[in-house]
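Everything below concerns the one structure shown next.
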Amino acid sequence: MTGQRILMIVGDFGEDYEIMVPFQALQAVGHEVHAVCPDREAGETVKTAIHDFRGDQTYLEERGHDFELTHGLDEVDPADYDALVVPGGRAPEYLRGYDEVLDAVRHFFEADKPVASICHGPQILAAAGVLDGYEMTAYPAVKPEVEAAGCSWVDGVTTDGNLVTGQAWPDHPEWIAQFLDLLGTEVEHEEPAATAD
């Protein structure tokens, strides 16, 4: 498989698992992932948040890791990338206020390139005005926002055209698998080598 170049847009207090897990999983199968944030440069970090579900009306938030950026948003050209990942957490609520973030997102939809978004990430897609006509999901609290942007709600991981969406990090196995399918990534398993007794 030829690895693809994937852009990931992150920011302070993005959800830790929704940044770290796809970033590492996509690299593990041979893709090149560049993580960017507006107003930050390569080597700088964003603070992440861990969101857990413990039976309350909403998620519990705790401090996560410091996640190191590979590039600054202003030094990349979305046209140089094959796909986009937009994680969730609290970052999307303010990242959607950056014109360069919205312009980058629009590029991937206009070019019909694969996009994976999860949890609150679709807030950015809604702000970019790219959701009209899609079937998708997001964190349930974001449902009114994405429906107002013109999509049809699906209660679970879904792929519609170039877009794969999930509700939260517990969806990772299915969400990442559907994104890998959209990317054309084939993961093959072989019988393990026999070990000497």
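Identifiers for the structure tokens are assigned positionally: chains receive A, B, ... in sequence, residues are indexed from 1 per chain, and ligands are indexed from 1 in the order shown.
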Mind dumping a table of every region 70-106 of chain A residue within 9 Å of region 26-38 of chain A, with the nearest atom pair and its distance in Å to one decimal, using only C-alpha atoms, sorted by chain and rising number, as CSV?
```
residue,atom,partner,partner_atom,distance
A:Thr70,CA,A:Ala35,CA,5.3
A:His71,CA,A:Val36,CA,5.3
A:Gly72,CA,A:Val36,CA,5.2
A:Leu73,CA,A:Val36,CA,5.0
A:Asp74,CA,A:Pro38,CA,7.1
A:Val76,CA,A:Val36,CA,8.5
A:Leu95,CA,A:Pro38,CA,7.9
A:Tyr98,CA,A:Pro38,CA,7.6
A:Glu100,CA,A:Pro38,CA,7.8
A:Val101,CA,A:Pro38,CA,7.5
```
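Within the 12 Å cut-off around Asp103 (chain A), using only C-alpha atoms and omitting residues fewer than 6 positions from it on the same chain, the listed residues are Leu73, Asp74, Asp77, Pro78, Ala79, Leu95, Arg96, Gly97, Phe109, Glu110, Ile124, Leu125, Ala127, Ala128, Gly129 and Val130 of chain A.
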Give me a file of those residues, with all heavy atoms, as an mmCIF file, in the first residue's frame.
```cif
data_model
loop_
_atom_site.group_PDB
_atom_site.id
_atom_site.type_symbol
_atom_site.label_atom_id
_atom_site.label_comp_id
_atom_site.auth_asym_id
_atom_site.auth_seq_id
_atom_site.Cartn_x
_atom_site.Cartn_y
_atom_site.Cartn_z
ATOM 1 N N LEU A 73 -0.314 25.503 10.806
ATOM 2 C CA LEU A 73 -1.354 25.541 9.778
ATOM 3 C C LEU A 73 -0.961 26.463 8.632
ATOM 4 O O LEU A 73 -1.237 26.181 7.462
ATOM 5 C CB LEU A 73 -2.692 25.978 10.382
ATOM 6 C CG LEU A 73 -3.879 26.061 9.419
ATOM 7 C CD1 LEU A 73 -4.135 24.713 8.741
ATOM 8 C CD2 LEU A 73 -5.125 26.530 10.151
ATOM 9 N N ASP A 74 -0.269 27.557 8.951
ATOM 10 C CA ASP A 74 0.083 28.525 7.905
ATOM 11 C C ASP A 74 1.194 28.045 6.982
ATOM 12 O O ASP A 74 1.466 28.667 5.959
ATOM 13 C CB ASP A 74 0.450 29.874 8.524
ATOM 14 C CG ASP A 74 1.635 29.801 9.469
ATOM 15 O OD1 ASP A 74 2.120 28.677 9.748
ATOM 16 O OD2 ASP A 74 2.081 30.865 9.936
ATOM 17 N N ASP A 77 -0.330 23.453 2.698
ATOM 18 C CA ASP A 77 -1.314 23.715 1.655
ATOM 19 C C ASP A 77 -2.251 22.514 1.606
ATOM 20 O O ASP A 77 -1.802 21.401 1.302
ATOM 21 C CB ASP A 77 -0.607 23.900 0.311
ATOM 22 C CG ASP A 77 -1.568 24.198 -0.827
ATOM 23 O OD1 ASP A 77 -2.803 24.112 -0.628
ATOM 24 O OD2 ASP A 77 -1.088 24.508 -1.927
ATOM 25 N N PRO A 78 -3.546 22.696 1.912
ATOM 26 C CA PRO A 78 -4.465 21.557 1.892
ATOM 27 C C PRO A 78 -4.442 20.773 0.584
ATOM 28 O O PRO A 78 -4.702 19.567 0.576
ATOM 29 C CB PRO A 78 -5.834 22.205 2.134
ATOM 30 C CG PRO A 78 -5.523 23.448 2.895
ATOM 31 C CD PRO A 78 -4.203 23.942 2.338
ATOM 32 N N ALA A 79 -4.101 21.421 -0.504
ATOM 33 C CA ALA A 79 -4.047 20.738 -1.797
ATOM 34 C C ALA A 79 -2.976 19.657 -1.831
ATOM 35 O O ALA A 79 -3.023 18.760 -2.675
ATOM 36 C CB ALA A 79 -3.809 21.751 -2.913
ATOM 37 N N LEU A 95 -11.990 26.716 17.090
ATOM 38 C CA LEU A 95 -11.279 26.562 15.815
ATOM 39 C C LEU A 95 -12.152 26.980 14.640
ATOM 40 O O LEU A 95 -11.660 27.470 13.625
ATOM 41 C CB LEU A 95 -10.813 25.116 15.627
ATOM 42 C CG LEU A 95 -9.660 24.647 16.505
ATOM 43 C CD1 LEU A 95 -9.404 23.159 16.276
ATOM 44 C CD2 LEU A 95 -8.398 25.461 16.249
ATOM 45 N N ARG A 96 -13.468 26.804 14.769
ATOM 46 C CA ARG A 96 -14.374 27.176 13.686
ATOM 47 C C ARG A 96 -14.426 28.685 13.461
ATOM 48 O O ARG A 96 -15.013 29.147 12.483
ATOM 49 C CB ARG A 96 -15.774 26.622 13.959
ATOM 50 C CG ARG A 96 -16.418 27.168 15.215
ATOM 51 C CD ARG A 96 -17.724 26.490 15.514
ATOM 52 N NE ARG A 96 -18.197 26.814 16.859
ATOM 53 C CZ ARG A 96 -19.346 26.427 17.335
ATOM 54 N NH1 ARG A 96 -20.172 25.701 16.586
ATOM 55 N NH2 ARG A 96 -19.711 26.739 18.556
ATOM 56 N N GLY A 97 -13.805 29.439 14.344
ATOM 57 C CA GLY A 97 -13.737 30.894 14.171
ATOM 58 C C GLY A 97 -12.553 31.353 13.333
ATOM 59 O O GLY A 97 -12.421 32.544 13.057
ATOM 60 N N PHE A 109 -13.767 19.098 0.879
ATOM 61 C CA PHE A 109 -15.107 18.794 0.379
ATOM 62 C C PHE A 109 -15.247 19.170 -1.096
ATOM 63 O O PHE A 109 -15.835 18.416 -1.875
ATOM 64 C CB PHE A 109 -16.170 19.474 1.249
ATOM 65 C CG PHE A 109 -16.417 18.744 2.534
ATOM 66 C CD1 PHE A 109 -15.609 18.978 3.643
ATOM 67 C CD2 PHE A 109 -17.430 17.804 2.627
ATOM 68 C CE1 PHE A 109 -15.817 18.281 4.824
ATOM 69 C CE2 PHE A 109 -17.643 17.105 3.812
ATOM 70 C CZ PHE A 109 -16.837 17.348 4.909
ATOM 71 N N GLU A 110 -14.708 20.301 -1.476
ATOM 72 C CA GLU A 110 -14.781 20.711 -2.884
ATOM 73 C C GLU A 110 -14.032 19.735 -3.788
ATOM 74 O O GLU A 110 -14.446 19.479 -4.919
ATOM 75 C CB GLU A 110 -14.229 22.131 -3.051
ATOM 76 C CG GLU A 110 -15.143 23.186 -2.442
ATOM 77 C CD GLU A 110 -14.454 24.536 -2.246
ATOM 78 O OE1 GLU A 110 -13.269 24.681 -2.632
ATOM 79 O OE2 GLU A 110 -15.114 25.440 -1.693
ATOM 80 N N ILE A 124 -16.984 22.232 13.275
ATOM 81 C CA ILE A 124 -16.150 22.936 12.290
ATOM 82 C C ILE A 124 -16.732 22.742 10.895
ATOM 83 O O ILE A 124 -16.801 23.693 10.097
ATOM 84 C CB ILE A 124 -14.690 22.444 12.362
ATOM 85 C CG1 ILE A 124 -14.077 22.809 13.714
ATOM 86 C CG2 ILE A 124 -13.867 23.019 11.208
ATOM 87 C CD1 ILE A 124 -12.684 22.246 13.942
ATOM 88 N N LEU A 125 -17.164 21.520 10.582
ATOM 89 C CA LEU A 125 -17.741 21.253 9.271
ATOM 90 C C LEU A 125 -19.015 22.071 9.062
ATOM 91 O O LEU A 125 -19.254 22.607 7.970
ATOM 92 C CB LEU A 125 -18.037 19.767 9.110
ATOM 93 C CG LEU A 125 -16.922 18.776 9.440
ATOM 94 C CD1 LEU A 125 -17.363 17.353 9.108
ATOM 95 C CD2 LEU A 125 -15.629 19.126 8.739
ATOM 96 N N ALA A 127 -19.734 24.956 10.459
ATOM 97 C CA ALA A 127 -19.346 26.355 10.274
ATOM 98 C C ALA A 127 -18.776 26.599 8.877
ATOM 99 O O ALA A 127 -18.915 27.696 8.329
ATOM 100 C CB ALA A 127 -18.331 26.760 11.337
ATOM 101 N N ALA A 128 -18.165 25.565 8.295
ATOM 102 C CA ALA A 128 -17.607 25.696 6.945
ATOM 103 C C ALA A 128 -18.688 25.605 5.875
ATOM 104 O O ALA A 128 -18.418 25.863 4.696
ATOM 105 C CB ALA A 128 -16.550 24.616 6.710
ATOM 106 N N GLY A 129 -19.903 25.215 6.259
ATOM 107 C CA GLY A 129 -21.006 25.159 5.315
ATOM 108 C C GLY A 129 -20.922 24.011 4.323
ATOM 109 O O GLY A 129 -21.359 24.146 3.179
ATOM 110 N N VAL A 130 -20.371 22.861 4.773
ATOM 111 C CA VAL A 130 -20.146 21.746 3.848
ATOM 112 C C VAL A 130 -21.048 20.532 4.106
ATOM 113 O O VAL A 130 -20.891 19.507 3.444
ATOM 114 C CB VAL A 130 -18.663 21.304 3.889
ATOM 115 C CG1 VAL A 130 -17.752 22.423 3.407
ATOM 116 C CG2 VAL A 130 -18.259 20.835 5.285
#
```
Those of region 1-168 of chain A in DSSP alpha helix (DSSP H), formatted as a PyMOL selection string: chain A and resi 16-28+91-95+99-110+122-128+143-148
So that I can check the surroundings of region 147-164 of chain A, please list as a VMD selection string every protein, DNA and RNA residue that reaches within 12 Å of it, counting only C-alpha atoms and ignoring chain neighbours fewer than 5 positions away. chain A and resid 82 to 87 105 108 to 119 121 to 142 169 to 184
For Asp80 (chain A), which of A:Gln4, A:Thr185, A:Gln167, A:Thr195 is the closest residue, counting only C-alpha atoms? A:Gln4
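In this comparison, which uses only C-alpha atoms, the residue of A:Val187, A:Ile6, A:Leu69, A:Ala193 approaching Ala42 (chain A) most closely is A:Leu69.
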Would you mind writing down, as JSON, numbers by chain, each residue of region 2-134 of chain A that DSSP on the backbone assigns to strand (DSSP E)? {"A": [5, 6, 7, 8, 9, 14, 15, 32, 33, 34, 35, 36, 45, 46, 47, 48, 49, 50, 51, 52, 60, 61, 62, 63, 64, 65, 66, 67, 68, 83, 84, 85, 86, 115, 116, 117, 118]}
